[in-house]
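> Below: one structure in structure tokens.
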Amino acid sequence: MTEDTPTTKPTLVLGGTGKTGRRVVARLGARGLPVRVGSRSGQPPFDWDDRSSWGPVLQGVRAAYIPYPDMVTSGATKATRAFAELAIEHGVTRLVLLTGRGEDEAQRAEHEVQDTGADVTIVRCAWFMQIFSEDYLLDPIRAGEVVLPATDGQLDPFVDADDIADVAVAALTEPGHGGQVHELTSPRLLSFPEAVAEIATASGRDIAFVPVTVEDYATAAAEHGVPAEVVDFLTYLFSDVLGHNAYVADGVERALGRPPRDFTDYARRTAATGVWTPEVDQ
Ligand SMILES: NC(=O)c1ccc[n+]([C@@H]2O[C@H](COP(=O)([O-])OP(=O)(O)OC[C@H]3O[C@@H](n4cnc5c(N)ncnc54)[C@H](OP(=O)(O)O)[C@@H]3O)[C@@H](O)[C@H]2O)c1
């Protein structure tokens, strides 16, 4: 019997249209490896909220990348455990779970998925650098003013999504990562004001950083129509997670044998794409 390999059976990439997943898809594709994108717009479609869609995406799959859409929400543990069990039933032999640092629900999910007995790698991450360029802070950066409940004293070693994808692909396709917890950060602690200043320098723009209290931030978000669960999520992140993981970790080096990318490198690379340059009114 021939052994299943990444070339003979597809790798399922859930969240394959998201910040980390699409990078994982691109890397596997560039190596000519068969990939299945797990997304509500995928073929077949996959929806965490519709259990009947889980089985079809798992048919014939060897390994799966699992970023639950929002690992801090209370359903994350139950859903990821149930998905992992179904994946094992379908013959999937390798699982790579994306989680965040210092998040109660995420760490519970790690234990539950490790507990399934599958060949599991945890990719546990600091805040993603790409929140400034591919997520909720892009518009404020472009507008030249970032209002956040964050201070100079609250540090985090933001991690580059390109490093996350490199580690995930290694764990999905190479031996030696099963049973490992790869904790990923950049090589340097930064505060949000410092990160915004780096982006201003790299993009040659004036970008103000305005610190506010968590309460004022939540009130303003709600007044701007941000849904209550998103306000709760942001409040939790900025009060209970930011500043509570102020240490760098060696997961990138251990997993890949090279140092992690630095924020300055991310800022220069991203500025060069023009994404932070506001369009000039005609
Ligand atoms: N942002 C950070 O700083 C940070 C730090 C540490 C950990 N994390 C964790 O990273 C994970 C998010 O990963 P990411 O940033 O790569 O993703 P993302 O950019 O937030 O994109 C979300 C992905 O999930 C998919 N998705 C959303 N709702 C879905 C549903 N109901 N069913 C199926 N798919 C759904 C989306 O696909 P479609 O819309 O195409 O269906 C999309 O591909 C979360 O677990 C978060 O807790 C984030």
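So you can find residues: chains in the structure tokens are A, B, ... in the order shown, residues in each start at 1, and ligands are numbered from 1 in order.
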Write out as JSON, numbers by chain the residues lying within 12 Å of Asp50 of chain A, counting only C-alpha atoms and excluding same-chain residues fewer than 5 positions away.
{"A": [39, 40, 45, 55, 56, 79, 83]}
> Write as a list in words the residues around ligand 1, taking 6 Å as the cut-off and counting only C-alpha atoms and all ligand atoms.
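Taking only C-alpha atoms and all ligand atoms into account, the residues around ligand 1 at most 6 Å away are Gly15, Gly16, Thr17, Gly18, Lys19, Thr20, Gly21, Ser39, Arg40, Ser41, Phe46, Asp47, Trp48, Asp49, Pro67, Tyr68, Pro69, Asp70, Met71, Val72, Thr99, Gly100, Cys125, Ala126, Trp127, Phe128 and Ile131 of chain A.
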> For the residues in the current selection, export N, CA and C atoms as a PDB file, in the first residue's frame.

```
ATOM      1  N   GLY A  15     -10.787  28.462   6.592  1.00  0.00           N
ATOM      2  CA  GLY A  15     -10.412  29.882   6.594  1.00  0.00           C
ATOM      3  C   GLY A  15      -9.485  30.201   5.427  1.00  0.00           C
ATOM      4  N   GLY A  16      -9.633  29.432   4.345  1.00  0.00           N
ATOM      5  CA  GLY A  16      -8.696  29.546   3.219  1.00  0.00           C
ATOM      6  C   GLY A  16      -8.809  30.844   2.446  1.00  0.00           C
ATOM      7  N   THR A  17      -9.791  31.699   2.822  1.00  0.00           N
ATOM      8  CA  THR A  17      -9.894  33.028   2.210  1.00  0.00           C
ATOM      9  C   THR A  17      -9.452  34.109   3.205  1.00  0.00           C
ATOM     10  N   GLY A  18      -9.032  33.716   4.401  1.00  0.00           N
ATOM     11  CA  GLY A  18      -8.680  34.688   5.445  1.00  0.00           C
ATOM     12  C   GLY A  18      -7.193  35.048   5.438  1.00  0.00           C
ATOM     13  N   LYS A  19      -6.787  35.828   6.442  1.00  0.00           N
ATOM     14  CA  LYS A  19      -5.421  36.366   6.466  1.00  0.00           C
ATOM     15  C   LYS A  19      -4.353  35.278   6.476  1.00  0.00           C
ATOM     16  N   THR A  20      -4.516  34.273   7.328  1.00  0.00           N
ATOM     17  CA  THR A  20      -3.494  33.213   7.359  1.00  0.00           C
ATOM     18  C   THR A  20      -3.804  32.131   6.335  1.00  0.00           C
ATOM     19  N   GLY A  21      -5.093  31.743   6.246  1.00  0.00           N
ATOM     20  CA  GLY A  21      -5.457  30.624   5.379  1.00  0.00           C
ATOM     21  C   GLY A  21      -5.097  30.862   3.920  1.00  0.00           C
ATOM     22  N   SER A  39     -14.289  27.237   3.061  1.00  0.00           N
ATOM     23  CA  SER A  39     -14.848  28.576   3.192  1.00  0.00           C
ATOM     24  C   SER A  39     -16.311  28.486   2.807  1.00  0.00           C
ATOM     25  N   ARG A  40     -17.110  29.466   3.231  1.00  0.00           N
ATOM     26  CA  ARG A  40     -18.520  29.438   2.852  1.00  0.00           C
ATOM     27  C   ARG A  40     -18.689  29.587   1.352  1.00  0.00           C
ATOM     28  N   SER A  41     -17.643  30.124   0.676  1.00  0.00           N
ATOM     29  CA  SER A  41     -17.722  30.262  -0.785  1.00  0.00           C
ATOM     30  C   SER A  41     -16.899  29.187  -1.491  1.00  0.00           C
ATOM     31  N   PHE A  46     -18.089  25.224   2.992  1.00  0.00           N
ATOM     32  CA  PHE A  46     -17.918  24.793   4.384  1.00  0.00           C
ATOM     33  C   PHE A  46     -18.399  25.917   5.290  1.00  0.00           C
ATOM     34  N   ASP A  47     -19.280  25.561   6.242  1.00  0.00           N
ATOM     35  CA  ASP A  47     -19.782  26.574   7.184  1.00  0.00           C
ATOM     36  C   ASP A  47     -19.727  25.992   8.592  1.00  0.00           C
ATOM     37  N   TRP A  48     -19.005  26.656   9.476  1.00  0.00           N
ATOM     38  CA  TRP A  48     -18.925  26.189  10.865  1.00  0.00           C
ATOM     39  C   TRP A  48     -20.322  26.058  11.481  1.00  0.00           C
ATOM     40  N   ASP A  49     -21.256  26.891  11.030  1.00  0.00           N
ATOM     41  CA  ASP A  49     -22.599  26.891  11.619  1.00  0.00           C
ATOM     42  C   ASP A  49     -23.530  25.856  10.991  1.00  0.00           C
ATOM     43  N   PRO A  67      -8.221  27.256  11.479  1.00  0.00           N
ATOM     44  CA  PRO A  67      -8.376  28.507  12.212  1.00  0.00           C
ATOM     45  C   PRO A  67      -9.875  28.732  12.430  1.00  0.00           C
ATOM     46  N   TYR A  68     -10.360  28.586  13.654  1.00  0.00           N
ATOM     47  CA  TYR A  68     -11.768  28.890  13.922  1.00  0.00           C
ATOM     48  C   TYR A  68     -11.923  30.404  13.723  1.00  0.00           C
ATOM     49  N   PRO A  69     -13.082  30.875  13.173  1.00  0.00           N
ATOM     50  CA  PRO A  69     -13.169  32.306  12.839  1.00  0.00           C
ATOM     51  C   PRO A  69     -12.838  33.225  14.012  1.00  0.00           C
ATOM     52  N   ASP A  70     -13.300  32.856  15.199  1.00  0.00           N
ATOM     53  CA  ASP A  70     -13.001  33.736  16.338  1.00  0.00           C
ATOM     54  C   ASP A  70     -12.775  32.878  17.572  1.00  0.00           C
ATOM     55  N   MET A  71     -11.505  32.632  17.851  1.00  0.00           N
ATOM     56  CA  MET A  71     -11.138  31.665  18.866  1.00  0.00           C
ATOM     57  C   MET A  71     -11.497  32.102  20.290  1.00  0.00           C
ATOM     58  N   VAL A  72     -11.830  33.387  20.500  1.00  0.00           N
ATOM     59  CA  VAL A  72     -12.159  33.803  21.875  1.00  0.00           C
ATOM     60  C   VAL A  72     -13.647  33.636  22.190  1.00  0.00           C
ATOM     61  N   THR A  99      -4.281  29.216  17.165  1.00  0.00           N
ATOM     62  CA  THR A  99      -4.876  29.814  18.372  1.00  0.00           C
ATOM     63  C   THR A  99      -4.140  31.113  18.725  1.00  0.00           C
ATOM     64  N   GLY A 100      -4.695  31.819  19.738  1.00  0.00           N
ATOM     65  CA  GLY A 100      -4.054  33.036  20.230  1.00  0.00           C
ATOM     66  C   GLY A 100      -3.467  32.805  21.615  1.00  0.00           C
ATOM     67  N   CYS A 125      -0.449  32.063  18.451  1.00  0.00           N
ATOM     68  CA  CYS A 125       0.116  33.307  17.905  1.00  0.00           C
ATOM     69  C   CYS A 125      -0.108  34.553  18.762  1.00  0.00           C
ATOM     70  N   ALA A 126       0.858  35.475  18.644  1.00  0.00           N
ATOM     71  CA  ALA A 126       0.689  36.843  19.143  1.00  0.00           C
ATOM     72  C   ALA A 126      -0.289  37.575  18.215  1.00  0.00           C
ATOM     73  N   TRP A 127      -0.556  38.859  18.496  1.00  0.00           N
ATOM     74  CA  TRP A 127      -1.427  39.656  17.606  1.00  0.00           C
ATOM     75  C   TRP A 127      -0.784  39.706  16.221  1.00  0.00           C
ATOM     76  N   PHE A 128      -1.637  39.596  15.207  1.00  0.00           N
ATOM     77  CA  PHE A 128      -1.104  39.593  13.836  1.00  0.00           C
ATOM     78  C   PHE A 128      -0.739  41.021  13.398  1.00  0.00           C
ATOM     79  N   ILE A 131      -3.311  43.027  11.112  1.00  0.00           N
ATOM     80  CA  ILE A 131      -4.526  43.743  11.520  1.00  0.00           C
ATOM     81  C   ILE A 131      -4.457  45.205  11.072  1.00  0.00           C
TER      82      ILE A 131
END
```
> Sorted by chain and rising residue number, list the residues of segment 30-51 of chain A at most 12 Å from segment 165-180 of chain A (counting only C-alpha atoms), each with its closest atom pair and distance in Å to one decimal, as JSON lines.

```
{"residue": "A:Ala30", "atom": "CA", "partner": "A:Val169", "partner_atom": "CA", "distance": 11.5}
{"residue": "A:Arg31", "atom": "CA", "partner": "A:Val169", "partner_atom": "CA", "distance": 10.5}
{"residue": "A:Leu33", "atom": "CA", "partner": "A:Thr173", "partner_atom": "CA", "distance": 9.6}
{"residue": "A:Pro34", "atom": "CA", "partner": "A:Thr173", "partner_atom": "CA", "distance": 11.4}
{"residue": "A:Val35", "atom": "CA", "partner": "A:Leu172", "partner_atom": "CA", "distance": 11.3}
```
> Go ahead and dump the residues you just picked, N, CA and C atoms, as a compact mmCIF listing (two decimals), in the first residue's frame.

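So the final result, stored in again-v9.txt, reads:
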```txt
# COMPACT_ATOMS: atom_id res chain seq x y z
N ALA A 30 1.85 26.84 -4.64
CA ALA A 30 3.13 27.13 -5.30
C ALA A 30 4.03 25.90 -5.34
N ARG A 31 3.80 24.99 -4.40
CA ARG A 31 4.59 23.73 -4.42
C ARG A 31 3.92 22.65 -5.24
N LEU A 33 1.06 21.27 -4.62
CA LEU A 33 0.37 20.29 -3.77
C LEU A 33 -1.15 20.51 -3.86
N PRO A 34 -1.91 19.44 -3.85
CA PRO A 34 -3.37 19.60 -3.95
C PRO A 34 -3.95 20.22 -2.67
N VAL A 35 -4.82 21.24 -2.86
CA VAL A 35 -5.38 22.00 -1.74
C VAL A 35 -6.89 22.08 -1.91
```
> Extract, using only C-alpha atoms, all DNA, RNA and protein residues at most 9 Å from Val231 of chain A, discarding same-chain residues fewer than 4 positions from it, and format them as a list of chain:residue names.
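The residues that qualify are A:Tyr217, A:Ala218, A:Thr219, A:Ala221, A:Ala222, A:Val226, A:Pro227, A:Thr235, A:Tyr236.
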> Ranking A:Leu58, A:Ile164, A:Ala143, A:Ala106 by minimum distance to Thr185 of chain A and counting only C-alpha atoms, which one comes first?
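For Thr185 of chain A, the nearest of the candidates is A:Ile164.
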> What's around Gly153 of chain A at 12 Å? Count only C-alpha atoms, leave out sequence neighbours fewer than 3 positions away in its own chain, and write the answer as a PyMOL selection string.
chain A and resi 149-150+156+189-194+211+242-244+246
> Show me, as a JSON list (two decimals) with all heavy atoms, in the first residue's frame, the residues that have an atom within 9 Å of segment 267-274 of chain A when counting only C-alpha atoms, minus same-chain residues fewer than 4 positions from it.

```
[["chain", "number", "residue", "atom", "x", "y", "z"],
["A", 129, "MET", "N", 0.42, 41.17, 12.75],
["A", 129, "MET", "CA", 0.79, 42.48, 12.18],
["A", 129, "MET", "C", -0.26, 42.93, 11.16],
["A", 129, "MET", "O", -0.57, 44.11, 11.03],
["A", 129, "MET", "CB", 2.16, 42.38, 11.50],
["A", 129, "MET", "CG", 3.30, 42.06, 12.45],
["A", 129, "MET", "SD", 4.86, 41.93, 11.58],
["A", 129, "MET", "CE", 5.92, 41.33, 12.90],
["A", 133, "SER", "N", -3.24, 46.14, 8.10],
["A", 133, "SER", "CA", -3.28, 46.25, 6.64],
["A", 133, "SER", "C", -4.37, 45.40, 5.98],
["A", 133, "SER", "O", -4.73, 45.64, 4.84],
["A", 133, "SER", "CB", -1.92, 45.86, 6.04],
["A", 133, "SER", "OG", -1.43, 44.66, 6.62],
["A", 195, "ALA", "N", 3.87, 50.79, 17.04],
["A", 195, "ALA", "CA", 3.56, 50.12, 15.77],
["A", 195, "ALA", "C", 3.02, 51.14, 14.76],
["A", 195, "ALA", "O", 3.43, 51.15, 13.59],
["A", 195, "ALA", "CB", 2.56, 49.00, 15.99],
["A", 198, "GLU", "N", 5.78, 53.28, 13.45],
["A", 198, "GLU", "CA", 6.59, 52.56, 12.44],
["A", 198, "GLU", "C", 5.90, 52.61, 11.07],
["A", 198, "GLU", "O", 6.53, 52.77, 10.04],
["A", 198, "GLU", "CB", 6.77, 51.10, 12.84],
["A", 198, "GLU", "CG", 7.68, 50.93, 14.04],
["A", 198, "GLU", "CD", 8.90, 50.06, 13.74],
["A", 198, "GLU", "OE1", 9.12, 49.73, 12.55],
["A", 198, "GLU", "OE2", 9.62, 49.76, 14.69],
["A", 199, "ILE", "N", 4.58, 52.46, 11.10],
["A", 199, "ILE", "CA", 3.82, 52.48, 9.83],
["A", 199, "ILE", "C", 3.87, 53.89, 9.23],
["A", 199, "ILE", "O", 4.01, 54.05, 8.02],
["A", 199, "ILE", "CB", 2.37, 52.00, 10.08],
["A", 199, "ILE", "CG1", 2.38, 50.51, 10.40],
["A", 199, "ILE", "CG2", 1.47, 52.31, 8.89],
["A", 199, "ILE", "CD1", 1.07, 49.95, 10.93],
["A", 200, "ALA", "N", 3.77, 54.90, 10.10],
["A", 200, "ALA", "CA", 3.84, 56.29, 9.61],
["A", 200, "ALA", "C", 5.19, 56.54, 8.93],
["A", 200, "ALA", "O", 5.27, 57.11, 7.84],
["A", 200, "ALA", "CB", 3.62, 57.25, 10.77],
["A", 201, "THR", "N", 6.27, 56.09, 9.56],
["A", 201, "THR", "CA", 7.61, 56.28, 9.00],
["A", 201, "THR", "C", 7.74, 55.55, 7.66],
["A", 201, "THR", "O", 8.19, 56.11, 6.66],
["A", 201, "THR", "CB", 8.69, 55.75, 9.98],
["A", 201, "THR", "OG1", 8.53, 56.43, 11.21],
["A", 201, "THR", "CG2", 10.09, 55.95, 9.44],
["A", 202, "ALA", "N", 7.31, 54.28, 7.65],
["A", 202, "ALA", "CA", 7.47, 53.46, 6.44],
["A", 202, "ALA", "C", 6.65, 54.00, 5.28],
["A", 202, "ALA", "O", 7.05, 53.90, 4.12],
["A", 202, "ALA", "CB", 7.06, 52.02, 6.73],
["A", 203, "SER", "N", 5.49, 54.60, 5.60],
["A", 203, "SER", "CA", 4.62, 55.07, 4.51],
["A", 203, "SER", "C", 4.76, 56.58, 4.27],
["A", 203, "SER", "O", 4.06, 57.13, 3.41],
["A", 203, "SER", "CB", 3.15, 54.70, 4.80],
["A", 203, "SER", "OG", 2.76, 55.18, 6.06],
["A", 204, "GLY", "N", 5.63, 57.23, 5.05],
["A", 204, "GLY", "CA", 5.88, 58.66, 4.84],
["A", 204, "GLY", "C", 4.66, 59.51, 5.10],
["A", 204, "GLY", "O", 4.43, 60.52, 4.43],
["A", 262, "ASP", "N", 10.54, 40.82, 11.38],
["A", 262, "ASP", "CA", 10.39, 41.94, 12.32],
["A", 262, "ASP", "C", 9.30, 42.90, 11.83],
["A", 262, "ASP", "O", 8.97, 42.94, 10.64],
["A", 262, "ASP", "CB", 11.73, 42.67, 12.42],
["A", 262, "ASP", "CG", 11.67, 43.77, 13.46],
["A", 262, "ASP", "OD1", 11.58, 43.44, 14.65],
["A", 262, "ASP", "OD2", 11.69, 44.97, 13.08],
["A", 263, "PHE", "N", 8.76, 43.70, 12.75],
["A", 263, "PHE", "CA", 7.69, 44.64, 12.39],
["A", 263, "PHE", "C", 8.17, 45.66, 11.34],
["A", 263, "PHE", "O", 7.41, 46.04, 10.44],
["A", 263, "PHE", "CB", 7.16, 45.37, 13.64],
["A", 263, "PHE", "CG", 5.82, 46.02, 13.41],
["A", 263, "PHE", "CD1", 4.64, 45.34, 13.70],
["A", 263, "PHE", "CD2", 5.73, 47.30, 12.88],
["A", 263, "PHE", "CE1", 3.40, 45.92, 13.46],
["A", 263, "PHE", "CE2", 4.49, 47.89, 12.63],
["A", 263, "PHE", "CZ", 3.33, 47.20, 12.94],
["A", 278, "PRO", "N", -3.84, 56.82, 1.13],
["A", 278, "PRO", "CA", -5.23, 57.13, 0.79],
["A", 278, "PRO", "C", -5.34, 57.63, -0.64],
["A", 278, "PRO", "O", -4.42, 58.29, -1.13],
["A", 278, "PRO", "CB", -5.62, 58.23, 1.78],
["A", 278, "PRO", "CG", -4.39, 58.63, 2.49],
["A", 278, "PRO", "CD", -3.25, 57.72, 2.11]]
```
> Of the candidates A:Ala228, A:Leu256, A:Ala197, A:Ala63, which one gets nearest to Val146 of chain A if we count only C-alpha atoms?
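Residue with the minimum atom-to-atom distance to Val146 of chain A: A:Ala197.
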> Can you pull out every residue from segment 70-109 of chain A that DSSP, working from the backbone, puts in helix (DSSP H, G or I), and format the result as a list of chain:residue names?
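Residues of segment 70-109 of chain A classed as helix (DSSP H, G or I): A:Ala76, A:Thr77, A:Lys78, A:Ala79, A:Thr80, A:Arg81, A:Ala82, A:Phe83, A:Ala84, A:Glu85, A:Leu86, A:Ala87, A:Ile88, A:Glu89, A:Asp104, A:Glu105, A:Ala106, A:Gln107, A:Arg108, A:Ala109.
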> Among segment 90-241 of chain A, which ones does DSSP place in strand (DSSP E), written as a PyMOL selection string?
chain A and resi 94-100+119-125+145-148+155-156+181-184+190-191+208-211
> Expressed in Å to a single decimal, how great is the separation between atom CA of Leu12 of chain A and atom CA of Ile122 of chain A?
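Here the two named atoms are 16.1 Å from each other.
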> Would you pick out the contacts of Val147 of chain A at 10 Å or less, using only C-alpha atoms, so that residues sharing its chain but fewer than 5 positions from it are not included, and give the list as a list of chain:residue names?
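My list of contacting residues is A:Leu137, A:Pro140, A:Ile141, A:Pro193, A:Ala208, A:Phe209, A:Val210, A:Pro211, A:Val212, A:Thr213, A:Tyr217.
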> Generate a file of the selected residues that holds N, CA, C and O atoms, formatted as a PDB file, in the first residue's frame.

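Done, and the output landed in out37.pdb:
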```pdb
ATOM      1  N   LEU A 137      -7.935  47.712  11.411  1.00  0.00           N
ATOM      2  CA  LEU A 137      -7.169  48.952  11.576  1.00  0.00           C
ATOM      3  C   LEU A 137      -6.715  49.562  10.250  1.00  0.00           C
ATOM      4  O   LEU A 137      -6.086  50.622  10.237  1.00  0.00           O
ATOM      5  N   PRO A 140      -8.604  53.148   9.719  1.00  0.00           N
ATOM      6  CA  PRO A 140      -8.025  54.220  10.534  1.00  0.00           C
ATOM      7  C   PRO A 140      -6.611  54.618  10.082  1.00  0.00           C
ATOM      8  O   PRO A 140      -6.284  55.810  10.063  1.00  0.00           O
ATOM      9  N   ILE A 141      -5.785  53.656   9.700  1.00  0.00           N
ATOM     10  CA  ILE A 141      -4.432  53.981   9.226  1.00  0.00           C
ATOM     11  C   ILE A 141      -4.536  54.864   7.977  1.00  0.00           C
ATOM     12  O   ILE A 141      -3.869  55.890   7.848  1.00  0.00           O
ATOM     13  N   PRO A 193       1.064  52.345  19.992  1.00  0.00           N
ATOM     14  CA  PRO A 193       1.578  53.636  19.504  1.00  0.00           C
ATOM     15  C   PRO A 193       2.885  53.473  18.721  1.00  0.00           C
ATOM     16  O   PRO A 193       3.082  54.120  17.688  1.00  0.00           O
ATOM     17  N   ALA A 208      -1.842  59.898  13.483  1.00  0.00           N
ATOM     18  CA  ALA A 208      -1.951  60.174  14.924  1.00  0.00           C
ATOM     19  C   ALA A 208      -2.415  58.916  15.653  1.00  0.00           C
ATOM     20  O   ALA A 208      -3.225  58.146  15.137  1.00  0.00           O
ATOM     21  N   PHE A 209      -1.888  58.738  16.869  1.00  0.00           N
ATOM     22  CA  PHE A 209      -2.397  57.674  17.730  1.00  0.00           C
ATOM     23  C   PHE A 209      -3.117  58.338  18.903  1.00  0.00           C
ATOM     24  O   PHE A 209      -2.528  59.156  19.616  1.00  0.00           O
ATOM     25  N   VAL A 210      -4.384  58.011  19.108  1.00  0.00           N
ATOM     26  CA  VAL A 210      -5.185  58.636  20.161  1.00  0.00           C
ATOM     27  C   VAL A 210      -5.593  57.569  21.176  1.00  0.00           C
ATOM     28  O   VAL A 210      -6.443  56.727  20.874  1.00  0.00           O
ATOM     29  N   PRO A 211      -4.982  57.561  22.384  1.00  0.00           N
ATOM     30  CA  PRO A 211      -5.387  56.563  23.382  1.00  0.00           C
ATOM     31  C   PRO A 211      -6.703  56.951  24.048  1.00  0.00           C
ATOM     32  O   PRO A 211      -6.934  58.131  24.332  1.00  0.00           O
ATOM     33  N   VAL A 212      -7.577  55.972  24.251  1.00  0.00           N
ATOM     34  CA  VAL A 212      -8.840  56.211  24.972  1.00  0.00           C
ATOM     35  C   VAL A 212      -9.021  55.091  25.998  1.00  0.00           C
ATOM     36  O   VAL A 212      -8.317  54.084  25.944  1.00  0.00           O
ATOM     37  N   THR A 213      -9.962  55.266  26.892  1.00  0.00           N
ATOM     38  CA  THR A 213     -10.237  54.176  27.837  1.00  0.00           C
ATOM     39  C   THR A 213     -11.018  53.072  27.117  1.00  0.00           C
ATOM     40  O   THR A 213     -11.676  53.324  26.091  1.00  0.00           O
ATOM     41  N   TYR A 217     -14.002  53.561  24.336  1.00  0.00           N
ATOM     42  CA  TYR A 217     -13.858  52.861  23.047  1.00  0.00           C
ATOM     43  C   TYR A 217     -15.112  52.022  22.762  1.00  0.00           C
ATOM     44  O   TYR A 217     -15.665  52.062  21.664  1.00  0.00           O
TER      45      TYR A 217
END
```
> Please indicate the distance in Å from atom CA of Val181 of chain A to atom CA of Arg23 of chain A, rounded to one decimal place.
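We find that atom CA of Val181 of chain A and atom CA of Arg23 of chain A lie 20.3 Å from each other.
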> Using only C-alpha atoms for the distances, tell me which of A:Leu184, A:Ala220, A:Val96, A:Val37 is nearest to Arg254 of chain A.
A:Leu184
> Rounded to one decimal, what separation in Å do you get between atom CA of Val13 of chain A and atom CA of Gln107 of chain A?
21.0 Å
> As a VMD selection string, please: the residues near Ala118 of chain A (cut-off 9 Å, only C-alpha atoms, same-chain neighbours under 3 positions excluded).
chain A and resid 84 to 85 88 92 to 95 113 to 115 178 to 179
> Using only C-alpha atoms, pick whichever of A:Val123, A:Val275, A:Glu215, A:Ser186 has the shortest atom-to-atom distance to Ala255 of chain A.
A:Val123
> May I ask which of the residues A:Asp4, A:Glu110, A:Asp160, A:Asp206 is the closest one to Gly144 of chain A, counting only C-alpha atoms?
A:Asp206
> Of the candidates A:Ala249, A:Leu148, A:Val61, A:Ala76, which shows the shortest atom-to-atom distance to Glu89 of chain A, using only C-alpha atoms?
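Checking each candidate against Glu89 of chain A, we get A:Val61 as the closest.
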